[in-house]
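*Asks:* Supplied structure: structure_4.cif, mmCIF, C-alpha atoms.
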data_protein
#
loop_
_atom_site.label_atom_id
_atom_site.label_comp_id
_atom_site.auth_asym_id
_atom_site.auth_seq_id
_atom_site.Cartn_x
_atom_site.Cartn_y
_atom_site.Cartn_z
CA MET A 119 0.75 -68.62 -0.53
CA PHE A 120 -1.88 -65.87 -0.73
CA ALA A 121 -0.79 -64.32 2.54
CA SER A 122 2.83 -64.43 1.46
CA SER A 123 1.99 -62.86 -1.89
CA SER A 124 -0.04 -60.10 -0.22
CA LEU A 125 2.78 -59.29 2.21
CA SER A 126 5.19 -59.11 -0.68
CA ARG A 127 2.89 -56.72 -2.53
CA ARG A 128 2.54 -54.44 0.51
CA SER A 129 6.32 -54.41 0.92
CA VAL A 130 6.80 -53.41 -2.68
CA LEU A 131 4.23 -50.60 -2.34
CA ALA A 132 5.87 -49.37 0.85
CA LEU A 133 9.27 -49.39 -0.84
CA LEU A 134 7.91 -47.48 -3.82
CA GLY A 135 6.33 -44.95 -1.43
CA SER A 136 9.67 -44.48 0.33
CA LEU A 137 11.46 -43.95 -2.94
CA SER A 138 8.80 -41.50 -4.05
CA THR A 139 9.13 -39.52 -0.83
CA LEU A 140 12.91 -39.53 -1.17
CA GLY A 141 12.59 -38.27 -4.73
CA VAL A 142 10.40 -35.33 -3.66
CA SER A 143 12.82 -34.44 -0.88
CA ARG A 144 15.74 -34.44 -3.28
CA ALA A 145 13.79 -32.37 -5.78
CA GLU A 146 12.93 -29.80 -3.10
CA THR A 147 16.55 -29.64 -1.97
CA SER A 148 17.71 -29.23 -5.54
CA ALA A 149 15.17 -26.46 -6.12
CA THR A 150 16.34 -24.62 -3.01
CA THR A 151 19.99 -24.96 -3.97
CA SER A 152 19.39 -23.79 -7.53
CA LYS A 153 17.39 -20.66 -6.59
CA VAL A 154 18.62 -17.64 -8.50
CA ILE A 155 19.24 -14.56 -6.34
CA ARG A 156 18.41 -11.35 -8.17
CA VAL A 157 20.71 -8.43 -7.29
CA GLY A 158 20.23 -4.83 -8.42
CA ILE A 159 23.24 -2.56 -9.01
CA MET A 160 23.97 0.67 -10.87
CA SER A 161 25.24 0.35 -14.43
CA GLY A 162 28.91 1.07 -15.07
CA GLU A 163 32.05 -0.14 -13.35
CA ASP A 164 30.06 -2.04 -10.72
CA GLU A 165 29.09 -4.49 -13.44
CA ASP A 166 32.73 -5.59 -13.66
CA ILE A 167 32.87 -5.98 -9.87
CA TRP A 168 29.74 -8.10 -9.79
CA ARG A 169 30.93 -10.44 -12.55
CA ILE A 170 33.61 -11.51 -10.09
CA VAL A 171 31.15 -11.69 -7.18
CA THR A 172 28.80 -13.81 -9.29
CA ALA A 173 31.61 -16.24 -10.10
CA ASN A 174 32.59 -16.43 -6.43
CA ALA A 175 28.99 -17.16 -5.41
CA ALA A 176 28.62 -19.87 -8.06
CA GLN A 177 31.58 -21.72 -6.57
CA ASN A 178 29.53 -22.01 -3.38
CA GLY A 179 26.35 -23.11 -5.12
CA LEU A 180 24.61 -19.73 -5.22
CA MET A 181 23.39 -18.52 -8.59
CA VAL A 182 23.29 -14.72 -8.90
CA LYS A 183 21.52 -12.74 -11.62
CA VAL A 184 22.51 -9.07 -11.80
CA THR A 185 20.08 -6.37 -12.96
CA THR A 186 21.48 -2.91 -13.74
CA PHE A 187 19.80 0.46 -13.18
CA SER A 188 20.54 4.06 -14.15
CA ASP A 189 17.99 5.64 -11.77
CA TYR A 190 19.12 5.68 -8.13
CA ASN A 191 15.53 5.49 -6.89
CA ALA A 192 14.69 2.30 -8.79
CA PRO A 193 16.71 -0.43 -6.99
CA ASP A 194 15.03 0.09 -3.61
CA GLU A 195 11.59 0.21 -5.21
CA ALA A 196 12.33 -3.05 -7.04
CA LEU A 197 13.62 -4.67 -3.84
CA ALA A 198 10.58 -3.61 -1.82
CA GLU A 199 8.32 -5.04 -4.54
CA HIS A 200 10.30 -8.33 -4.43
CA GLU A 201 11.39 -7.92 -8.02
CA LEU A 202 14.91 -8.20 -6.54
CA ASP A 203 16.27 -10.25 -3.65
CA ALA A 204 19.06 -7.79 -2.86
CA ASN A 205 20.67 -4.62 -4.10
CA ALA A 206 24.12 -3.09 -3.75
CA PHE A 207 24.44 0.60 -4.57
CA GLN A 208 23.62 2.79 -1.56
CA HIS A 209 24.80 4.09 1.80
CA GLY A 210 22.93 4.48 5.08
CA PRO A 211 21.63 8.06 4.79
CA PHE A 212 20.29 7.36 1.29
CA LEU A 213 18.42 4.29 2.54
CA GLN A 214 17.20 6.25 5.57
CA ALA A 215 15.74 8.94 3.31
CA GLN A 216 14.18 6.40 0.95
CA SER A 217 12.65 4.40 3.79
CA ALA A 218 11.23 7.52 5.43
CA ALA A 219 9.69 8.65 2.14
CA HIS A 220 8.32 5.30 0.98
CA GLY A 221 8.00 3.08 4.05
CA PHE A 222 10.55 0.53 2.84
CA HIS A 223 11.64 -2.23 5.24
CA ILE A 224 15.14 -2.74 3.86
CA THR A 225 18.26 -3.46 5.90
CA PRO A 226 22.05 -3.60 5.25
CA VAL A 227 23.68 -7.04 5.51
CA GLY A 228 27.31 -6.45 4.46
CA ASN A 229 29.60 -3.56 3.49
CA THR A 230 30.91 -3.24 -0.06
CA TYR A 231 33.06 -0.14 -0.67
CA PHE A 232 33.42 3.49 0.29
CA SER A 233 33.24 6.27 -2.29
CA PRO A 234 34.61 9.35 -0.53
CA ILE A 235 32.83 12.45 -1.71
CA GLY A 236 35.31 15.16 -2.65
CA LEU A 237 35.64 18.93 -2.84
CA TYR A 238 37.11 19.86 -6.23
CA SER A 239 38.32 23.12 -7.74
CA GLN A 240 39.92 24.31 -10.96
CA ARG A 241 40.70 27.73 -9.46
CA TRP A 242 42.13 27.01 -6.03
CA LYS A 243 44.76 24.56 -4.79
CA THR A 244 43.70 24.31 -1.13
CA VAL A 245 40.60 24.83 0.99
CA GLY A 246 42.39 27.71 2.71
CA GLU A 247 42.56 29.61 -0.61
CA LEU A 248 38.78 29.69 -1.04
CA PRO A 249 37.95 33.41 -1.00
CA GLN A 250 35.22 35.45 0.60
CA ASN A 251 31.90 35.18 -1.29
CA ALA A 252 33.01 32.01 -3.08
CA THR A 253 30.35 29.85 -4.73
CA ILE A 254 30.40 26.12 -4.04
CA GLY A 255 28.20 23.67 -5.91
CA VAL A 256 26.62 20.74 -4.06
CA PRO A 257 24.30 17.88 -5.10
CA ASN A 258 20.66 18.80 -4.50
CA ASP A 259 19.25 15.44 -3.34
CA PRO A 260 18.75 15.26 0.45
CA SER A 261 21.32 12.63 1.39
CA ASN A 262 24.13 13.99 -0.79
CA GLU A 263 23.50 17.65 0.01
CA GLY A 264 23.66 16.80 3.69
CA ARG A 265 26.84 14.85 3.10
CA ALA A 266 28.36 17.78 1.18
CA LEU A 267 27.60 20.27 3.93
CA LYS A 268 29.01 17.90 6.54
CA LEU A 269 32.21 17.72 4.49
CA LEU A 270 32.43 21.51 4.35
CA GLN A 271 31.99 21.57 8.11
CA SER A 272 34.79 19.03 8.60
CA LEU A 273 37.01 21.27 6.43
CA ASN A 274 36.18 24.29 8.62
CA VAL A 275 34.49 26.17 5.79
CA LEU A 276 31.14 26.52 7.58
CA LYS A 277 29.03 25.00 10.35
CA VAL A 278 25.60 23.40 10.29
CA SER A 279 23.11 22.81 13.06
CA ASP A 280 23.52 19.55 14.99
CA SER A 281 19.75 19.21 15.07
CA ALA A 282 19.75 18.58 11.30
CA GLY A 283 21.41 15.21 11.80
CA LEU A 284 22.81 13.67 8.62
CA LEU A 285 20.50 15.61 6.31
CA PRO A 286 21.25 19.33 6.71
CA THR A 287 20.38 21.77 3.93
CA ALA A 288 21.67 25.26 3.22
CA LEU A 289 18.98 26.52 5.60
CA ASP A 290 20.74 24.71 8.46
CA ILE A 291 24.02 26.64 8.08
CA THR A 292 24.67 28.37 11.40
CA ASP A 293 28.12 29.87 10.77
CA ASN A 294 29.45 31.03 7.40
CA PRO A 295 32.51 33.25 8.01
CA ARG A 296 33.49 33.46 4.32
CA ASN A 297 29.93 34.19 3.18
CA ILE A 298 29.99 31.12 0.94
CA THR A 299 27.11 30.79 -1.53
CA ILE A 300 25.82 27.22 -1.80
CA ARG A 301 24.53 26.40 -5.28
CA GLU A 302 22.33 23.29 -5.33
CA LEU A 303 22.58 21.32 -8.57
CA ASP A 304 21.60 17.87 -9.79
CA ALA A 305 24.20 15.28 -8.80
CA GLY A 306 24.92 14.54 -12.45
CA VAL A 307 25.36 18.24 -13.32
CA VAL A 308 27.42 19.63 -10.44
CA GLY A 309 30.69 18.10 -11.68
CA ARG A 310 30.29 19.51 -15.19
CA ALA A 311 29.55 22.93 -13.68
CA LEU A 312 32.95 23.03 -11.93
CA PRO A 313 34.51 25.55 -14.41
CA ASP A 314 31.81 28.08 -13.44
CA LEU A 315 32.25 27.61 -9.70
CA ASP A 316 34.96 28.29 -7.15
CA ALA A 317 34.59 24.69 -6.03
CA ALA A 318 32.12 21.83 -6.10
CA ILE A 319 31.40 18.78 -4.03
CA VAL A 320 30.94 15.83 -6.36
CA ASN A 321 30.24 12.16 -5.81
CA THR A 322 33.17 10.01 -6.92
CA ASP A 323 31.31 8.27 -9.75
CA TRP A 324 30.04 11.56 -11.17
CA ALA A 325 33.47 13.15 -10.80
CA ARG A 326 34.90 10.43 -13.03
CA LYS A 327 32.08 10.77 -15.56
CA SER A 328 32.52 14.56 -15.61
CA GLY A 329 36.19 14.30 -16.53
CA ILE A 330 37.44 15.70 -13.22
CA ASP A 331 41.03 14.78 -12.40
CA ILE A 332 40.33 13.31 -8.98
CA GLU A 333 43.88 13.45 -7.68
CA LYS A 334 44.89 16.84 -9.09
CA GLN A 335 41.67 18.81 -8.62
CA ARG A 336 40.56 17.43 -5.26
CA ILE A 337 41.21 19.86 -2.40
CA GLY A 338 39.26 17.99 0.30
CA ARG A 339 37.72 14.57 0.92
CA GLU A 340 35.90 12.48 3.51
CA GLU A 341 37.58 9.98 5.80
CA ILE A 342 36.27 6.41 6.02
CA LYS A 343 36.54 6.04 9.81
CA ASN A 344 33.09 6.07 11.46
CA ASN A 345 31.62 7.24 8.18
CA PRO A 346 27.90 6.54 7.67
CA TYR A 347 28.29 6.76 3.90
CA VAL A 348 29.90 3.33 3.44
CA CYS A 349 27.97 1.41 0.77
CA PHE A 350 26.47 -2.02 1.40
CA ILE A 351 24.45 -4.97 0.17
CA ALA A 352 20.82 -4.62 1.31
CA VAL A 353 17.87 -7.01 1.51
CA ASN A 354 14.29 -6.88 2.73
CA GLU A 355 14.19 -7.23 6.52
CA GLU A 356 12.29 -10.52 6.26
CA ASP A 357 15.21 -12.05 4.32
CA ALA A 358 18.05 -10.81 6.53
CA ARG A 359 18.59 -14.22 8.15
CA ALA A 360 18.15 -16.29 5.00
CA ALA A 361 21.01 -18.72 4.37
CA TRP A 362 21.80 -17.28 0.94
CA VAL A 363 22.49 -13.83 2.41
CA ALA A 364 25.67 -14.93 4.19
CA THR A 365 26.83 -16.72 1.04
CA LEU A 366 26.23 -13.62 -1.07
CA VAL A 367 28.08 -11.33 1.34
CA ASN A 368 30.97 -13.79 1.59
CA ALA A 369 31.18 -13.87 -2.22
CA PHE A 370 31.77 -10.11 -2.13
CA HIS A 371 34.22 -10.15 0.78
CA GLN A 372 36.96 -11.91 -1.15
CA PRO A 373 40.52 -10.86 -2.08
CA ASN A 374 39.76 -10.92 -5.82
CA VAL A 375 36.87 -8.46 -5.31
CA ARG A 376 39.05 -6.23 -3.12
CA LYS A 377 41.70 -6.10 -5.86
CA ALA A 378 39.08 -5.42 -8.54
CA ILE A 379 37.65 -2.45 -6.63
CA ILE A 380 41.10 -0.88 -6.31
CA ASP A 381 42.03 -1.59 -9.94
CA ILE A 382 38.75 -0.74 -11.65
CA TYR A 383 38.22 2.48 -9.73
CA SER A 384 41.90 3.46 -9.75
CA GLY A 385 41.81 3.97 -6.00
CA ALA A 386 38.84 6.38 -6.09
CA ASN A 387 36.71 3.80 -4.26
CA VAL A 388 38.11 1.72 -1.43
CA PRO A 389 37.02 -1.69 -0.03
CA ALA A 390 34.99 -1.25 3.16
CA TRP A 391 35.30 -4.59 4.94
CA SER A 392 38.01 -5.90 7.23
#
Turn the structure described in the file into structure tokens.
*Replies:*
Amino acid sequence: MFASSSLSRRSVLALLGSLSTLGVSRAETSATTSKVIRVGIMSGEDEDIWRIVTANAAQNGLMVKVTTFSDYNAPDEALAEHELDANAFQHGPFLQAQSAAHGFHITPVGNTYFSPIGLYSQRWKTVGELPQNATIGVPNDPSNEGRALKLLQSLNVLKVSDSAGLLPTALDITDNPRNITIRELDAGVVGRALPDLDAAIVNTDWARKSGIDIEKQRIGREEIKNNPYVCFIAVNEEDARAAWVATLVNAFHQPNVRKAIIDIYSGANVPAWS
């Protein structure tokens, strides 16, 4: 009787241990599934886009918390400090410049949309009409100034040195047949300065905020094919293969997000995934 009772007690303890272990495993699985992914974006229209992305992700068990910024330098700093798990606001040359300056180890994991930078004018209807000694405003931050000068080169206004790569400045202009003056201005100011300039190269979001009529006043724009300025979702390199990354990217690459980009931005931004 004693031996039987002891065996029974050991069996009960073993069963309780198994149940306890199973409970911990389930709790760990639940904790992993319920992890909230923190994503940094710029304030404005992107907030409407990410409400849809967040809903898409939730349908696949991924909880997303969006944090908005108004300073373009802040989202990469927050990501590098692990205050964010991902961000979605930048293109390759911007990340390249940030990483070179600050030693970030951040990598793209999925395209979002393309915001073609444009050449705008209130005085001239075509690039060919730009006169000798014209003044063209460009953004003064490294990645966007380089992008602006590359656009002017593609429009046959001037040429820049190949050795400057994606980040040429006015000092890298090698051929300027119309004697164009490049006026470097803050990205948020250059669009508002358009009435005082022959033309200006303005980022799409700032063009909208500056009241520029994108369709009527644009006399030149970038093409998306082979363009390094496509925007993307980015994460720290150590997280690039994490399971949640693919789920997050898939939540963005959905038909309802594609439609929202076209509708919300009135065609000024275009989806950048197949």
*Asks:* Hey, which of A:Val245, A:Val256, A:Asn191, A:His200 ends up closest to Ser217 of chain A? Count all atoms listed in the file.
*Replies:* A:Asn191
*Asks:* Per residue of segment 253-272 of chain A within 8 Å of segment 276-293 of chain A, what are the shortest atom pair and its distance in Å to one decimal, counting only C-alpha atoms, with rows by chain and residue number, as CSV?
*Replies:*
residue,atom,partner,partner_atom,distance
A:Pro260,CA,A:Leu285,CA,6.1
A:Ser261,CA,A:Leu285,CA,5.8
A:Glu263,CA,A:Thr287,CA,6.5
A:Gly264,CA,A:Leu285,CA,4.3
A:Arg265,CA,A:Leu284,CA,6.9
A:Leu267,CA,A:Pro286,CA,7.0
A:Lys268,CA,A:Val278,CA,7.5
A:Leu270,CA,A:Leu276,CA,6.1
A:Gln271,CA,A:Leu276,CA,5.1
*Asks:* Which residues fall under the PyMOL selection byres ((chain A and resi 205-209) around 6) in this file, as a list in words?
*Replies:*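 With the PyMOL selection byres ((chain A and resi 205-209) around 6) on this model, the match is Val157, Gly158, Ile159, Ala204, Gly210, Pro211, Phe212, Tyr347, Val348, Cys349, Phe350, Ile351 and Ala352 of chain A.
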*Asks:* Using all atoms listed in the file, which residue out of A:Arg326, A:His371, A:Lys377, A:Arg296 lies closest to Thr230 of chain A?
*Replies:*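 Under the stated criterion, the closest residue is A:His371.
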*Asks:* With all atoms listed in the file as the atoms that count, which of A:Asp323, A:Glu340, A:Asp304, A:Asp194 lies nearest to Gly255 of chain A?
*Replies:*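 Once distances to Gly255 of chain A are computed over all atoms listed in the file, the minimum belongs to A:Asp304.
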*Asks:* So how many Å separate atom CA of Val275 of chain A and atom CA of Ile298 of chain A, to one decimal?
*Replies:*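 A separation of 8.3 Å between them.
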*Asks:* Would you work out the distance separating atom CA of Ile379 of chain A from atom CA of Arg169 of chain A, expressed in Å to one decimal?
*Replies:*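 Straight-line distance from atom CA of Ile379 of chain A to atom CA of Arg169 of chain A works out to 12.0 Å.
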*Asks:* Looking at A:Leu197, A:Glu163, A:Arg376, A:Gly179, which one is nearest to Ser392 of chain A, with distances taken over all atoms listed in the file?
*Replies:* A:Arg376
*Asks:* Tell me, in Å to one decimal, how far atom CA of Ser188 of chain A is from atom CA of Thr172 of chain A.
*Replies:* 20.3 Å
*Asks:* Rank A:Ala305, A:Ala361, A:Val375, A:Ile235 by their smallest atom-to-atom distance to Glu341 of chain A, using only C-alpha atoms, and report the top residue only.
*Replies:*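 Checking each candidate against Glu341 of chain A, we get A:Ile235 as the closest.
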*Asks:* Would you please work out which residue, of A:Ile337, A:Val184, A:Val308, A:Ala318, is nearest to Lys243 of chain A when using all atoms listed in the file?
*Replies:* A:Ile337
*Asks:* Name the residues captured by the PyMOL selection byres ((chain A and resi 370) around 9) when it is applied to the shown file; answer as a PyMOL selection string.
*Replies:* chain A and resi 167-168+170-172+174-175+228-230+365-369+371-376
*Asks:* Hey, what comes out of the PyMOL selection byres ((chain A and resi 307) around 12) on this file? Could you write it as an mmCIF file with C-alpha atoms, in the coordinates of the input?
*Replies:*
data_model
loop_
_atom_site.group_PDB
_atom_site.id
_atom_site.type_symbol
_atom_site.label_atom_id
_atom_site.label_comp_id
_atom_site.auth_asym_id
_atom_site.auth_seq_id
_atom_site.Cartn_x
_atom_site.Cartn_y
_atom_site.Cartn_z
ATOM 1 C CA GLY A 255 28.200 23.670 -5.910
ATOM 2 C CA VAL A 256 26.620 20.740 -4.060
ATOM 3 C CA PRO A 257 24.300 17.880 -5.100
ATOM 4 C CA ASN A 258 20.660 18.800 -4.500
ATOM 5 C CA ARG A 301 24.530 26.400 -5.280
ATOM 6 C CA GLU A 302 22.330 23.290 -5.330
ATOM 7 C CA LEU A 303 22.580 21.320 -8.570
ATOM 8 C CA ASP A 304 21.600 17.870 -9.790
ATOM 9 C CA ALA A 305 24.200 15.280 -8.800
ATOM 10 C CA GLY A 306 24.920 14.540 -12.450
ATOM 11 C CA VAL A 308 27.420 19.630 -10.440
ATOM 12 C CA GLY A 309 30.690 18.100 -11.680
ATOM 13 C CA ARG A 310 30.290 19.510 -15.190
ATOM 14 C CA ALA A 311 29.550 22.930 -13.680
ATOM 15 C CA LEU A 312 32.950 23.030 -11.930
ATOM 16 C CA PRO A 313 34.510 25.550 -14.410
ATOM 17 C CA ASP A 314 31.810 28.080 -13.440
ATOM 18 C CA ALA A 318 32.120 21.830 -6.100
ATOM 19 C CA ILE A 319 31.400 18.780 -4.030
ATOM 20 C CA VAL A 320 30.940 15.830 -6.360
ATOM 21 C CA ASN A 321 30.240 12.160 -5.810
ATOM 22 C CA TRP A 324 30.040 11.560 -11.170
ATOM 23 C CA ALA A 325 33.470 13.150 -10.800
ATOM 24 C CA LYS A 327 32.080 10.770 -15.560
ATOM 25 C CA SER A 328 32.520 14.560 -15.610
ATOM 26 C CA GLY A 329 36.190 14.300 -16.530
#
*Asks:* If I wrap all listed atoms of segment 160-173 of chain A in a box with edges along x, y and z and add 3 Å on each side, what are its centre and edge lengths in Å to one decimal, as lines of an AutoDock Vina configuration file?
*Replies:*
center_x = 28.8
center_y = -7.6
center_z = -11.1
size_x = 15.6
size_y = 23.3
size_z = 13.9
